[in-house]
file start.txt (compact mmCIF, C-alpha atoms)
# COMPACT_ATOMS: atom_id res chain seq x y z
CA MET C 1 91.18 190.96 280.18
CA GLY C 2 87.83 190.66 281.92
CA SER C 3 86.28 190.84 285.35
CA SER C 4 86.97 188.15 287.92
CA ASP C 5 83.27 187.34 288.27
CA GLU C 6 82.93 186.24 284.63
CA ARG C 7 81.68 182.66 284.45
CA VAL C 8 82.59 180.03 281.89
CA VAL C 9 80.63 176.90 280.96
CA ALA C 10 82.07 173.96 279.00
CA VAL C 11 80.13 171.57 276.78
CA ILE C 12 81.63 168.28 275.57
CA MET C 13 79.86 166.42 272.76
CA VAL C 14 80.17 162.67 273.41
CA GLY C 15 78.12 161.22 270.53
CA GLY C 16 76.22 157.96 270.90
CA PRO C 17 76.20 154.20 270.25
CA THR C 18 75.63 154.56 266.51
CA LYS C 19 78.59 156.95 266.27
CA GLY C 20 81.13 154.51 267.71
CA THR C 21 80.83 151.71 265.14
CA ARG C 22 84.38 152.20 263.83
CA PHE C 23 85.57 151.70 267.40
CA ARG C 24 84.35 148.10 267.59
CA PRO C 25 84.98 145.61 269.14
CA LEU C 26 86.09 147.88 272.00
CA SER C 27 82.83 149.89 272.03
CA LEU C 28 80.79 146.68 272.40
CA ASN C 29 81.56 146.70 276.13
CA VAL C 30 81.80 150.35 277.11
CA PRO C 31 80.65 153.66 275.61
CA LYS C 32 83.50 154.97 273.47
CA PRO C 33 83.92 158.15 275.62
CA LEU C 34 84.62 155.93 278.66
CA PHE C 35 87.28 153.80 276.95
CA PRO C 36 90.58 154.35 278.80
CA LEU C 37 93.45 156.24 277.17
CA ALA C 38 96.58 156.50 279.34
CA GLY C 39 94.58 154.84 282.11
CA GLN C 40 91.81 157.49 282.13
CA PRO C 41 88.46 157.49 280.29
CA MET C 42 88.69 159.24 276.92
CA VAL C 43 86.33 162.01 278.08
CA HIS C 44 88.41 162.51 281.24
CA HIS C 45 91.15 164.29 279.27
CA PRO C 46 88.99 167.15 277.92
CA ILE C 47 87.19 167.36 281.28
CA SER C 48 90.54 167.74 283.10
CA ALA C 49 91.53 170.45 280.62
CA CYS C 50 88.24 172.29 281.24
CA ARG C 51 88.95 172.14 284.96
CA ARG C 52 91.93 174.45 284.35
CA ILE C 53 89.78 177.21 282.79
CA PRO C 54 89.51 180.21 285.14
CA ASN C 55 86.03 180.79 286.59
CA LEU C 56 84.60 177.49 285.32
CA ALA C 57 81.04 177.10 286.60
CA GLN C 58 79.80 173.86 285.00
CA ILE C 59 80.68 171.10 282.54
CA TYR C 60 77.95 169.48 280.43
CA LEU C 61 78.29 166.24 278.48
CA ILE C 62 75.79 166.00 275.61
CA GLY C 63 75.12 162.74 273.79
CA PHE C 64 72.77 159.91 272.82
CA TYR C 65 73.86 157.31 275.35
CA GLU C 66 71.44 156.23 278.08
CA GLU C 67 71.92 158.30 281.22
CA ARG C 68 72.64 155.19 283.31
CA GLU C 69 75.77 154.53 281.21
CA PHE C 70 77.31 157.82 282.40
CA ALA C 71 75.75 158.18 285.87
CA LEU C 72 78.56 156.53 287.85
CA TYR C 73 81.35 158.27 285.95
CA VAL C 74 79.71 161.72 286.14
CA SER C 75 79.25 161.35 289.89
CA SER C 76 82.84 160.24 290.52
CA ILE C 77 84.47 162.85 288.27
CA SER C 78 82.38 165.65 289.82
CA ASN C 79 83.64 164.65 293.26
CA GLU C 80 87.22 164.15 292.09
CA LEU C 81 87.58 167.50 290.29
CA ARG C 82 85.17 169.39 292.56
CA VAL C 83 83.35 170.92 289.62
CA PRO C 84 79.73 170.14 288.63
CA VAL C 85 79.59 167.73 285.67
CA ARG C 86 76.19 166.82 284.22
CA TYR C 87 75.14 164.49 281.41
CA LEU C 88 72.35 165.67 279.09
CA ARG C 89 70.78 163.12 276.75
CA GLU C 90 69.64 164.16 273.28
CA GLU C 91 66.32 162.66 272.24
CA LYS C 92 67.07 162.83 268.50
CA PRO C 93 69.92 163.98 266.23
CA ARG C 94 69.96 167.75 265.81
CA GLY C 95 73.51 168.30 264.57
CA SER C 96 76.37 169.70 266.64
CA ALA C 97 74.93 173.22 266.78
CA GLY C 98 71.32 172.04 267.05
CA GLY C 99 72.20 169.81 269.99
CA LEU C 100 73.91 172.71 271.73
CA TYR C 101 70.87 174.93 271.11
CA SER C 102 68.39 172.38 272.44
CA PHE C 103 70.04 172.61 275.88
CA ARG C 104 70.53 176.39 275.86
CA ASP C 105 68.44 176.89 279.00
CA TYR C 106 70.79 174.65 280.99
CA ILE C 107 73.93 176.14 279.44
CA LEU C 108 72.84 179.73 280.11
CA GLU C 109 71.65 178.96 283.64
CA ASP C 110 74.90 180.25 285.18
CA ASN C 111 74.82 183.37 282.99
CA PRO C 112 78.21 182.58 281.41
CA SER C 113 80.26 185.14 279.55
CA HIS C 114 81.84 182.38 277.45
CA ILE C 115 80.97 178.83 276.40
CA PHE C 116 83.55 176.23 275.40
CA LEU C 117 82.47 173.50 272.99
CA LEU C 118 84.66 170.41 272.61
CA ASN C 119 84.38 167.11 270.78
CA CYS C 120 85.16 164.08 272.92
CA ASP C 121 86.97 162.17 270.15
CA VAL C 122 89.66 164.84 269.83
CA CYS C 123 93.07 164.23 271.37
CA CYS C 124 95.17 167.32 272.02
CA SER C 125 96.71 169.39 274.80
CA PHE C 126 93.52 171.53 274.95
CA PRO C 127 95.06 175.02 275.41
CA LEU C 128 91.71 176.36 276.62
CA ALA C 129 92.86 179.17 278.92
CA GLU C 130 95.14 180.49 276.16
CA MET C 131 92.26 180.27 273.66
CA LEU C 132 90.04 182.28 275.99
CA ASP C 133 92.67 184.99 276.42
CA ALA C 134 93.13 185.23 272.65
CA HIS C 135 89.37 185.30 272.08
CA LYS C 136 88.98 188.24 274.44
CA ILE C 137 91.58 190.15 272.46
CA TYR C 138 90.02 189.29 269.08
CA GLY C 139 86.44 190.14 270.06
CA GLY C 140 83.75 188.58 267.89
CA MET C 141 81.40 185.72 268.61
CA GLY C 142 83.75 182.77 268.57
CA THR C 143 87.29 181.41 268.25
CA VAL C 144 88.18 178.08 266.62
CA LEU C 145 91.22 175.99 267.60
CA VAL C 146 93.21 175.22 264.42
CA ILE C 147 96.38 173.35 263.50
CA LYS C 148 98.54 173.01 260.39
CA VAL C 149 98.67 169.57 258.79
CA SER C 150 100.15 168.21 255.56
CA ALA C 151 98.47 169.18 252.29
CA GLU C 152 97.92 165.46 251.63
CA SER C 153 95.82 164.89 254.76
CA ALA C 154 94.02 168.26 255.02
CA HIS C 155 91.09 167.16 252.83
CA GLN C 156 89.96 164.72 255.54
CA PHE C 157 89.00 167.64 257.80
CA GLY C 158 87.40 171.06 257.73
CA GLU C 159 89.88 173.35 255.95
CA LEU C 160 89.98 177.08 256.58
CA VAL C 161 91.70 180.29 255.62
CA ALA C 162 92.59 182.83 258.31
CA ASP C 163 94.02 186.34 258.13
CA PRO C 164 97.72 185.95 259.08
CA ILE C 165 97.67 189.20 261.06
CA THR C 166 94.23 189.50 262.68
CA LYS C 167 93.59 185.70 262.78
CA GLU C 168 90.05 186.30 261.52
CA LEU C 169 88.40 183.26 259.94
CA LEU C 170 87.97 184.29 256.29
CA HIS C 171 86.82 181.07 254.65
CA TYR C 172 85.70 177.64 255.85
CA THR C 173 84.83 174.48 253.95
CA GLU C 174 84.19 170.98 255.32
CA LYS C 175 86.23 168.15 253.72
CA PRO C 176 86.74 169.88 250.34
CA GLU C 177 87.42 167.92 247.15
CA THR C 178 90.24 170.32 246.18
CA PHE C 179 93.00 171.67 248.41
CA VAL C 180 92.13 174.90 250.24
CA SER C 181 94.57 175.26 253.13
CA GLU C 182 96.89 173.40 255.49
CA LEU C 183 94.94 174.91 258.40
CA ILE C 184 92.22 172.62 259.72
CA ASN C 185 89.49 172.82 262.35
CA CYS C 186 90.44 170.97 265.57
CA GLY C 187 86.87 170.62 266.87
CA VAL C 188 87.46 172.87 269.90
CA TYR C 189 85.70 176.24 270.19
CA VAL C 190 84.99 179.12 272.54
CA PHE C 191 81.88 181.22 271.96
CA THR C 192 79.99 184.07 273.55
CA PRO C 193 76.28 183.39 274.22
CA ALA C 194 75.61 185.14 270.88
CA ILE C 195 76.15 181.72 269.28
CA PHE C 196 72.58 180.83 270.23
CA ALA C 197 71.17 183.77 268.26
CA ALA C 198 73.23 182.66 265.25
CA ILE C 199 71.83 179.13 265.51
CA GLN C 200 68.31 180.50 265.88
CA ASP C 201 68.82 182.57 262.71
CA VAL C 202 69.50 179.32 260.81
CA PHE C 203 66.25 177.87 262.20
CA MET C 204 64.30 180.91 261.10
CA GLN C 205 65.84 180.97 257.62
CA ARG C 206 64.98 177.29 257.09
CA ARG C 207 61.40 177.73 258.25
CA GLY C 208 61.00 180.83 256.13
CA LYS C 209 62.21 179.04 253.01
CA ALA C 210 59.90 176.10 253.74
CA GLU C 211 56.89 178.38 253.95
CA LEU C 212 57.76 180.27 250.76
CA ARG C 213 58.52 177.18 248.71
CA ARG C 214 55.57 176.16 246.53
CA VAL C 215 56.05 172.81 244.90
CA THR C 216 54.00 170.04 243.35
CA SER C 217 53.22 166.94 245.40
CA PHE C 218 55.99 165.03 243.60
CA GLU C 219 58.55 167.78 244.26
CA ALA C 220 57.43 167.93 247.89
CA LEU C 221 58.09 164.21 248.24
CA GLN C 222 61.55 164.60 246.67
CA SER C 223 62.34 167.57 248.90
CA ALA C 224 61.25 165.72 252.04
CA THR C 225 63.76 162.95 251.37
CA LYS C 226 66.66 165.33 250.68
CA SER C 227 66.12 168.41 252.83
CA ILE C 228 67.63 168.83 256.29
CA PRO C 229 65.12 169.18 259.17
CA ALA C 230 64.69 172.78 260.34
CA ASP C 231 66.00 171.99 263.82
CA TYR C 232 69.10 170.14 262.52
CA VAL C 233 71.99 172.60 262.49
CA ARG C 234 75.61 171.68 261.80
CA LEU C 235 78.21 173.88 263.36
CA ASP C 236 80.63 173.65 260.45
CA GLN C 237 78.45 174.03 257.34
CA ASP C 238 75.60 176.08 258.85
CA ILE C 239 77.47 178.39 261.25
CA LEU C 240 81.19 178.57 260.50
CA SER C 241 80.95 178.74 256.69
CA PRO C 242 78.29 181.49 256.47
CA LEU C 243 79.89 183.64 259.21
CA ALA C 244 83.44 183.41 257.84
CA GLY C 245 84.77 186.78 256.70
CA LYS C 246 82.21 188.76 258.73
CA LYS C 247 84.48 189.64 261.68
CA GLU C 248 82.56 187.26 263.92
CA LEU C 249 84.92 184.25 264.03
CA TYR C 250 88.66 184.01 264.72
CA THR C 251 91.29 181.29 264.98
CA TYR C 252 93.82 180.20 267.60
CA GLU C 253 96.57 177.94 266.27
CA THR C 254 98.01 175.17 268.42
CA LEU C 255 101.60 174.09 267.77
CA ASP C 256 101.16 171.03 269.99
CA PHE C 257 99.81 167.56 269.14
CA TRP C 258 96.33 166.90 267.72
CA GLU C 259 94.58 163.73 266.53
CA GLN C 260 91.07 162.39 266.01
CA ILE C 261 90.19 159.19 267.88
CA LYS C 262 88.06 157.39 265.31
CA THR C 263 89.49 153.85 265.47
CA PRO C 264 91.05 151.50 268.04
CA GLY C 265 94.41 151.96 266.33
CA MET C 266 94.28 155.72 266.83
CA SER C 267 93.31 155.20 270.48
CA LEU C 268 96.68 153.51 271.03
CA LYS C 269 98.52 156.43 269.41
CA CYS C 270 96.52 158.92 271.47
CA SER C 271 97.17 156.99 274.66
CA ALA C 272 100.88 157.50 273.96
CA LEU C 273 100.36 161.23 273.42
CA TYR C 274 98.47 161.61 276.70
CA LEU C 275 101.04 159.50 278.60
CA HIS C 276 103.74 161.84 277.33
CA GLN C 277 101.67 164.88 278.34
CA PHE C 278 101.47 163.49 281.90
CA ARG C 279 105.16 164.44 282.22
CA TYR C 280 103.99 168.07 282.34
CA THR C 281 100.51 167.83 283.85
CA SER C 282 100.22 164.67 285.99
CA THR C 283 103.60 163.17 286.83
CA HIS C 284 102.03 161.25 289.74
CA LEU C 285 100.21 159.04 287.20
CA LEU C 286 103.43 157.80 285.56
CA ALA C 287 105.10 154.65 286.87
CA SER C 288 108.71 154.77 287.99
CA GLY C 289 111.30 152.05 287.48
CA ASN C 290 113.70 153.30 290.14
CA ASP C 291 112.67 150.72 292.75
CA THR C 292 114.64 147.45 292.34
CA LYS C 293 111.64 145.50 293.68
CA ARG C 294 109.47 146.71 290.81
CA ALA C 295 109.37 145.84 287.12
CA SER C 296 111.75 147.51 284.70
CA ILE C 297 109.99 150.62 283.32
CA THR C 298 111.03 152.34 280.07
CA GLY C 299 109.47 155.59 278.85
CA ASP C 300 105.91 156.70 279.69
CA VAL C 301 103.90 154.02 281.50
CA TYR C 302 100.69 154.04 283.56
CA ILE C 303 100.00 151.19 286.00
CA HIS C 304 96.78 151.13 288.01
CA PRO C 305 97.43 150.77 291.77
CA SER C 306 95.49 147.48 291.90
CA ALA C 307 97.45 145.85 289.05
CA LYS C 308 100.10 143.25 289.92
CA VAL C 309 103.28 143.34 287.82
CA HIS C 310 106.09 140.83 288.41
CA PRO C 311 109.48 142.45 289.20
CA THR C 312 111.12 140.64 286.25
CA ALA C 313 108.63 142.00 283.69
CA LYS C 314 109.77 144.75 281.30
CA ILE C 315 107.18 147.44 280.65
CA GLY C 316 107.23 150.35 278.17
CA PRO C 317 107.37 152.63 276.44
CA ASN C 318 103.73 153.68 275.87
CA VAL C 319 101.99 151.13 278.07
CA SER C 320 98.78 151.54 280.06
CA ILE C 321 97.81 148.79 282.52
CA SER C 322 94.30 148.94 284.00
CA ALA C 323 92.73 147.72 287.24
CA ASN C 324 93.36 144.20 288.58
CA ALA C 325 95.56 143.20 285.63
CA ARG C 326 98.23 140.57 286.37
CA ILE C 327 101.52 140.63 284.48
CA GLY C 328 103.70 137.53 284.91
CA ALA C 329 107.43 136.95 285.22
CA GLY C 330 109.54 137.88 282.21
CA ALA C 331 106.60 139.39 280.28
CA ARG C 332 107.49 142.12 277.78
CA LEU C 333 104.98 144.90 277.07
CA ILE C 334 105.58 147.66 274.49
CA SER C 335 103.06 150.17 273.09
CA CYS C 336 99.89 148.54 274.36
CA ILE C 337 96.72 149.06 276.38
CA ILE C 338 95.98 146.32 278.91
CA LEU C 339 92.38 146.57 280.16
CA ASP C 340 90.77 145.50 283.47
CA ASP C 341 91.26 141.95 284.81
CA VAL C 342 93.66 140.84 282.06
CA GLU C 343 96.17 138.11 282.85
CA ILE C 344 99.47 137.91 280.95
CA LEU C 345 101.49 134.82 281.88
CA GLU C 346 105.25 134.21 282.04
CA ASN C 347 107.44 135.36 279.14
CA ALA C 348 104.51 136.50 276.99
CA VAL C 349 105.11 139.45 274.63
CA VAL C 350 102.54 142.15 273.77
CA ILE C 351 103.51 144.85 271.24
CA HIS C 352 101.26 147.39 269.43
CA ALA C 353 98.11 145.78 270.80
CA ILE C 354 94.99 146.35 272.89
CA VAL C 355 94.07 143.46 275.19
CA GLY C 356 90.38 143.48 276.17
CA TRP C 357 88.77 143.06 279.58
CA LYS C 358 89.21 139.66 281.32
CA SER C 359 91.37 138.31 278.48
CA SER C 360 94.35 136.04 279.07
CA ILE C 361 97.61 135.51 277.19
CA GLY C 362 99.43 132.22 277.79
CA LYS C 363 103.08 131.47 278.52
CA TRP C 364 105.56 132.28 275.73
CA SER C 365 102.75 133.65 273.53
CA ARG C 366 103.11 136.72 271.38
CA VAL C 367 100.35 139.25 270.58
CA GLN C 368 101.64 141.89 268.19
CA GLY C 369 100.61 144.49 265.63
CA GLY C 370 102.66 146.23 262.96
CA GLY C 371 102.22 149.62 264.59
CA ASP C 372 100.48 151.39 261.68
CA TYR C 373 97.78 153.22 263.64
CA ASN C 374 95.81 154.10 260.50
CA ALA C 375 95.73 150.61 258.97
CA LYS C 376 92.71 148.39 259.62
CA LEU C 377 94.91 145.61 261.02
CA GLY C 378 97.86 147.79 262.06
CA VAL C 379 97.14 147.18 265.75
CA THR C 380 96.17 143.78 267.14
CA ILE C 381 92.97 143.91 269.20
CA LEU C 382 91.60 141.25 271.53
CA GLY C 383 87.96 141.80 272.57
CA GLU C 384 86.60 140.93 276.00
CA SER C 385 87.34 137.47 277.47
CA VAL C 386 89.63 136.26 274.70
CA ALA C 387 91.95 133.42 275.70
CA VAL C 388 95.26 133.07 273.87
CA GLU C 389 96.72 129.72 274.88
CA ASP C 390 100.41 128.96 275.54
CA GLU C 391 102.93 129.43 272.71
CA VAL C 392 100.41 131.00 270.31
CA VAL C 393 101.35 133.91 268.02
CA VAL C 394 98.69 136.50 267.06
CA ILE C 395 99.90 139.04 264.48
CA ASN C 396 97.98 142.00 262.95
CA SER C 397 94.58 140.56 263.85
CA ILE C 398 91.27 141.54 265.45
CA VAL C 399 89.58 138.97 267.70
CA LEU C 400 85.98 139.50 268.78
CA PRO C 401 84.91 138.70 272.38
CA ASN C 402 84.73 135.26 273.99
CA LYS C 403 87.08 133.43 271.63
CA THR C 404 89.83 130.92 272.46
CA LEU C 405 92.90 130.82 270.23
CA ASN C 406 94.85 127.57 270.39
CA GLY C 407 96.68 128.13 267.09
CA SER C 408 98.60 131.06 265.62
CA VAL C 409 96.86 133.62 263.37
CA GLN C 410 98.12 136.44 261.16
CA GLU C 411 96.20 139.26 259.47
CA GLU C 412 92.80 137.79 260.34
CA ILE C 413 89.53 139.04 261.80
CA ILE C 414 88.24 136.28 264.11
CA LEU C 415 84.45 136.56 264.34

call {"tool": "encode", "arguments": {"input": "start.txt", "output": "structure tokens"}}
result
Amino acid sequence: MGSSDERVVAVIMVGGPTKGTRFRPLSLNVPKPLFPLAGQPMVHHPISACRRIPNLAQIYLIGFYEEREFALYVSSISNELRVPVRYLREEKPRGSAGGLYSFRDYILEDNPSHIFLLNCDVCCSFPLAEMLDAHKIYGGMGTVLVIKVSAESAHQFGELVADPITKELLHYTEKPETFVSELINCGVYVFTPAIFAAIQDVFMQRRGKAELRRVTSFEALQSATKSIPADYVRLDQDILSPLAGKKELYTYETLDFWEQIKTPGMSLKCSALYLHQFRYTSTHLLASGNDTKRASITGDVYIHPSAKVHPTAKIGPNVSISANARIGAGARLISCIILDDVEILENAVVIHAIVGWKSSIGKWSRVQGGGDYNAKLGVTILGESVAVEDEVVVINSIVLPNKTLNGSVQEEIIL
């Protein structure tokens, strides 16, 4: 399948502050890739999956965030996983393929035989080693992770057609207006270094067309406002679509879970998926309810070692409790993310909700969402330092930071 000295490099695209607007108010306090799912930063899950790739030499994170925002995390995760992780900051938007190309000298430094490219806001089991094995059998320049979804939802993603026997990518279109296929692009790829020549070809074609085009001054002005910069290359429209059907690209279908983490509601769903995956990959991270001196635990639950949970509390399923949180007597937590330094007092109930850093929920209060992860108000969200006073009910609402609620609210956005 390949020599043992082959080296693999992984690249994870983490986006930037302007990309995480749908994730507010949670992204007001922390870069979206560092928001915890199942008790671990969002980007930790793809990084951990990359760690399992044979002969991994380096992991690069590429994005628009300031380097200082990732410095501490990159240092700690490199030490924890014992693999070099480096953050590379893009100076300007160049598209997913253009961004990859702009750091080609770093990526090719280890002379890799293969390069993985992942999007940080994808939640899945990341079958990377299996993808690599399949890619080596297929040959070609790249392999795309794909999954089957319902015909009703396929149009929200990049749809593709693959040969059922050879798995070759035959046709690709991004968010089509008419139905093409139930197979969609998962945003996870493995390429040979030949991907850089393909990206360079797009650069050259654009520059060539620009030089040949002779237009009036008015047309030039119109073109300048509409045309894509020569160094802006999108992986889907500019690479996958043109190379489909040319025996360069292939597909690997996952039969496991897959979601996109675009909103706070979806982060709660994805936290549940990762907690469940811990049963197979990281059982030591799951809390146990076997000890009579501990709280009653149901289903998949993560509790940070520094959190304090009263023995009479009932926790789970799908609950993640972060550092220094305090959960009082008789509290009931179901399907929620409790962030750092939160205090939940006696007999409070939290269901289908995300409770922000340093927030507090009073005695006999109830913070609850309907559980529709796709609805705008399907999950109740409390921003940082929100105080819910005693005997207050908060249903299907979003509360921005530094607010005090002394009366009940339902289906409201508290600014």

call {"tool": "closest_residue", "arguments": {"input": "start.txt", "among": "C:Ser75, C:Glu259, C:Phe126, C:Phe103", "to": "Phe157 (chain C)", "atoms": "all atoms listed in the file"}}
result
C:Glu259

call {"tool": "closest_residue", "arguments": {"input": "start.txt", "among": "C:Thr263, C:Ser288, C:Thr178, C:Gln156", "to": "Arg24 (chain C)", "atoms": "only C-alpha atoms"}}
result
C:Thr263

call {"tool": "axis_aligned_box", "arguments": {"input": "start.txt", "around": "region 386-395 of chain C", "padding_each_side": "3 Å", "output": "JSON"}}
result
{"center_x": 96.3, "center_y": 134.0, "center_z": 270.1, "size_x": 19.3, "size_y": 16.1, "size_z": 17.2}

call {"tool": "atom_distance", "arguments": {"input": "start.txt", "atom1": "CA of Glu69 (chain C)", "atom2": "CA of Ile414 (chain C)"}}
result
27.9 Å

call {"tool": "residues_around", "arguments": {"input": "start.txt", "residues": "region 80-92 of chain C", "least_positions_apart": "2", "cutoff": "9 Å", "atoms": "all atoms listed in the file", "output": "PyMOL selection string"}}
result
chain C and resi 47-48+51+56-67+70-71+74-78+94+99+102-103

call {"tool": "atom_distance", "arguments": {"input": "start.txt", "atom1": "CA of Asp300 (chain C)", "atom2": "CA of Tyr280 (chain C)"}}
result
11.8 Å

call {"tool": "atom_distance", "arguments": {"input": "start.txt", "atom1": "CA of Ser181 (chain C)", "atom2": "CA of Gly142 (chain C)"}}
result
20.3 Å

call {"tool": "residues_near_point", "arguments": {"input": "start.txt", "point": "(79.1, 178.1, 260.0)", "cutoff": "12 Å", "atoms": "only C-alpha atoms", "output": "ChimeraX atom specification"}}
result
/C:96-97,141-142,144,158,160,169-174,185,195,198-199,201-202,233-246,248-249

call {"tool": "write_last_selection", "arguments": {"input": "start.txt", "atoms": "C-alpha atoms", "output": "PDB file, in the frame of the given file"}}
result
ATOM      1  CA  SER C  96      76.370 169.700 266.640  1.00  0.00           C
ATOM      2  CA  ALA C  97      74.930 173.220 266.780  1.00  0.00           C
ATOM      3  CA  MET C 141      81.400 185.720 268.610  1.00  0.00           C
ATOM      4  CA  GLY C 142      83.750 182.770 268.570  1.00  0.00           C
ATOM      5  CA  VAL C 144      88.180 178.080 266.620  1.00  0.00           C
ATOM      6  CA  GLY C 158      87.400 171.060 257.730  1.00  0.00           C
ATOM      7  CA  LEU C 160      89.980 177.080 256.580  1.00  0.00           C
ATOM      8  CA  LEU C 169      88.400 183.260 259.940  1.00  0.00           C
ATOM      9  CA  LEU C 170      87.970 184.290 256.290  1.00  0.00           C
ATOM     10  CA  HIS C 171      86.820 181.070 254.650  1.00  0.00           C
ATOM     11  CA  TYR C 172      85.700 177.640 255.850  1.00  0.00           C
ATOM     12  CA  THR C 173      84.830 174.480 253.950  1.00  0.00           C
ATOM     13  CA  GLU C 174      84.190 170.980 255.320  1.00  0.00           C
ATOM     14  CA  ASN C 185      89.490 172.820 262.350  1.00  0.00           C
ATOM     15  CA  ILE C 195      76.150 181.720 269.280  1.00  0.00           C
ATOM     16  CA  ALA C 198      73.230 182.660 265.250  1.00  0.00           C
ATOM     17  CA  ILE C 199      71.830 179.130 265.510  1.00  0.00           C
ATOM     18  CA  ASP C 201      68.820 182.570 262.710  1.00  0.00           C
ATOM     19  CA  VAL C 202      69.500 179.320 260.810  1.00  0.00           C
ATOM     20  CA  VAL C 233      71.990 172.600 262.490  1.00  0.00           C
ATOM     21  CA  ARG C 234      75.610 171.680 261.800  1.00  0.00           C
ATOM     22  CA  LEU C 235      78.210 173.880 263.360  1.00  0.00           C
ATOM     23  CA  ASP C 236      80.630 173.650 260.450  1.00  0.00           C
ATOM     24  CA  GLN C 237      78.450 174.030 257.340  1.00  0.00           C
ATOM     25  CA  ASP C 238      75.600 176.080 258.850  1.00  0.00           C
ATOM     26  CA  ILE C 239      77.470 178.390 261.250  1.00  0.00           C
ATOM     27  CA  LEU C 240      81.190 178.570 260.500  1.00  0.00           C
ATOM     28  CA  SER C 241      80.950 178.740 256.690  1.00  0.00           C
ATOM     29  CA  PRO C 242      78.290 181.490 256.470  1.00  0.00           C
ATOM     30  CA  LEU C 243      79.890 183.640 259.210  1.00  0.00           C
ATOM     31  CA  ALA C 244      83.440 183.410 257.840  1.00  0.00           C
ATOM     32  CA  GLY C 245      84.770 186.780 256.700  1.00  0.00           C
ATOM     33  CA  LYS C 246      82.210 188.760 258.730  1.00  0.00           C
ATOM     34  CA  GLU C 248      82.560 187.260 263.920  1.00  0.00           C
ATOM     35  CA  LEU C 249      84.920 184.250 264.030  1.00  0.00           C
TER      36      LEU C 249
END

call {"tool": "residues_near_point", "arguments": {"input": "start.txt", "point": "(90.1, 141.9, 263.4)", "cutoff": "9 Å", "atoms": "all atoms listed in the file", "output": "PDB file with C-alpha atoms, keeping the file's coordinate frame"}}
result
ATOM      1  CA  PRO C  25      84.980 145.610 269.140  1.00  0.00           C
ATOM      2  CA  LYS C 376      92.710 148.390 259.620  1.00  0.00           C
ATOM      3  CA  LEU C 377      94.910 145.610 261.020  1.00  0.00           C
ATOM      4  CA  THR C 380      96.170 143.780 267.140  1.00  0.00           C
ATOM      5  CA  ILE C 381      92.970 143.910 269.200  1.00  0.00           C
ATOM      6  CA  LEU C 382      91.600 141.250 271.530  1.00  0.00           C
ATOM      7  CA  ASN C 396      97.980 142.000 262.950  1.00  0.00           C
ATOM      8  CA  SER C 397      94.580 140.560 263.850  1.00  0.00           C
ATOM      9  CA  ILE C 398      91.270 141.540 265.450  1.00  0.00           C
ATOM     10  CA  VAL C 399      89.580 138.970 267.700  1.00  0.00           C
ATOM     11  CA  LEU C 400      85.980 139.500 268.780  1.00  0.00           C
ATOM     12  CA  GLU C 411      96.200 139.260 259.470  1.00  0.00           C
ATOM     13  CA  GLU C 412      92.800 137.790 260.340  1.00  0.00           C
ATOM     14  CA  ILE C 413      89.530 139.040 261.800  1.00  0.00           C
ATOM     15  CA  ILE C 414      88.240 136.280 264.110  1.00  0.00           C
ATOM     16  CA  LEU C 415      84.450 136.560 264.340  1.00  0.00           C
TER      17      LEU C 415
END

call {"tool": "decode", "arguments": {"input": "start.txt", "residues": "region 91-121 of chain C", "atoms": "C-alpha atoms", "output": "PDB file, in the first residue's frame"}}
result
ATOM      1  CA  GLU C  91      -3.534  37.961   5.285  1.00  0.00           C
ATOM      2  CA  LYS C  92      -6.534  38.171   2.945  1.00  0.00           C
ATOM      3  CA  PRO C  93      -9.280  35.855   1.633  1.00  0.00           C
ATOM      4  CA  ARG C  94      -8.008  33.609  -1.153  1.00  0.00           C
ATOM      5  CA  GLY C  95     -10.662  30.883  -1.149  1.00  0.00           C
ATOM      6  CA  SER C  96     -10.211  27.384   0.257  1.00  0.00           C
ATOM      7  CA  ALA C  97      -7.824  26.275  -2.498  1.00  0.00           C
ATOM      8  CA  GLY C  98      -6.091  29.663  -2.743  1.00  0.00           C
ATOM      9  CA  GLY C  99      -5.438  29.674   0.996  1.00  0.00           C
ATOM     10  CA  LEU C 100      -3.949  26.198   0.785  1.00  0.00           C
ATOM     11  CA  TYR C 101      -1.740  27.268  -2.139  1.00  0.00           C
ATOM     12  CA  SER C 102      -0.460  30.393  -0.385  1.00  0.00           C
ATOM     13  CA  PHE C 103       1.150  28.195   2.300  1.00  0.00           C
ATOM     14  CA  ARG C 104       2.443  25.514  -0.081  1.00  0.00           C
ATOM     15  CA  ASP C 105       6.068  26.045   0.960  1.00  0.00           C
ATOM     16  CA  TYR C 106       5.210  25.177   4.575  1.00  0.00           C
ATOM     17  CA  ILE C 107       2.966  22.261   3.611  1.00  0.00           C
ATOM     18  CA  LEU C 108       5.565  20.726   1.285  1.00  0.00           C
ATOM     19  CA  GLU C 109       8.424  21.260   3.736  1.00  0.00           C
ATOM     20  CA  ASP C 110       8.228  17.657   4.991  1.00  0.00           C
ATOM     21  CA  ASN C 111       8.030  16.317   1.424  1.00  0.00           C
ATOM     22  CA  PRO C 112       4.665  14.624   2.049  1.00  0.00           C
ATOM     23  CA  SER C 113       3.260  11.939  -0.207  1.00  0.00           C
ATOM     24  CA  HIS C 114      -0.284  12.938   0.781  1.00  0.00           C
ATOM     25  CA  ILE C 115      -2.031  16.017   2.174  1.00  0.00           C
ATOM     26  CA  PHE C 116      -5.291  15.906   4.114  1.00  0.00           C
ATOM     27  CA  LEU C 117      -7.545  18.956   3.975  1.00  0.00           C
ATOM     28  CA  LEU C 118     -10.347  19.289   6.531  1.00  0.00           C
ATOM     29  CA  ASN C 119     -12.876  21.960   7.424  1.00  0.00           C
ATOM     30  CA  CYS C 120     -13.071  22.727  11.133  1.00  0.00           C
ATOM     31  CA  ASP C 121     -16.861  23.186  11.184  1.00  0.00           C
TER      32      ASP C 121
END
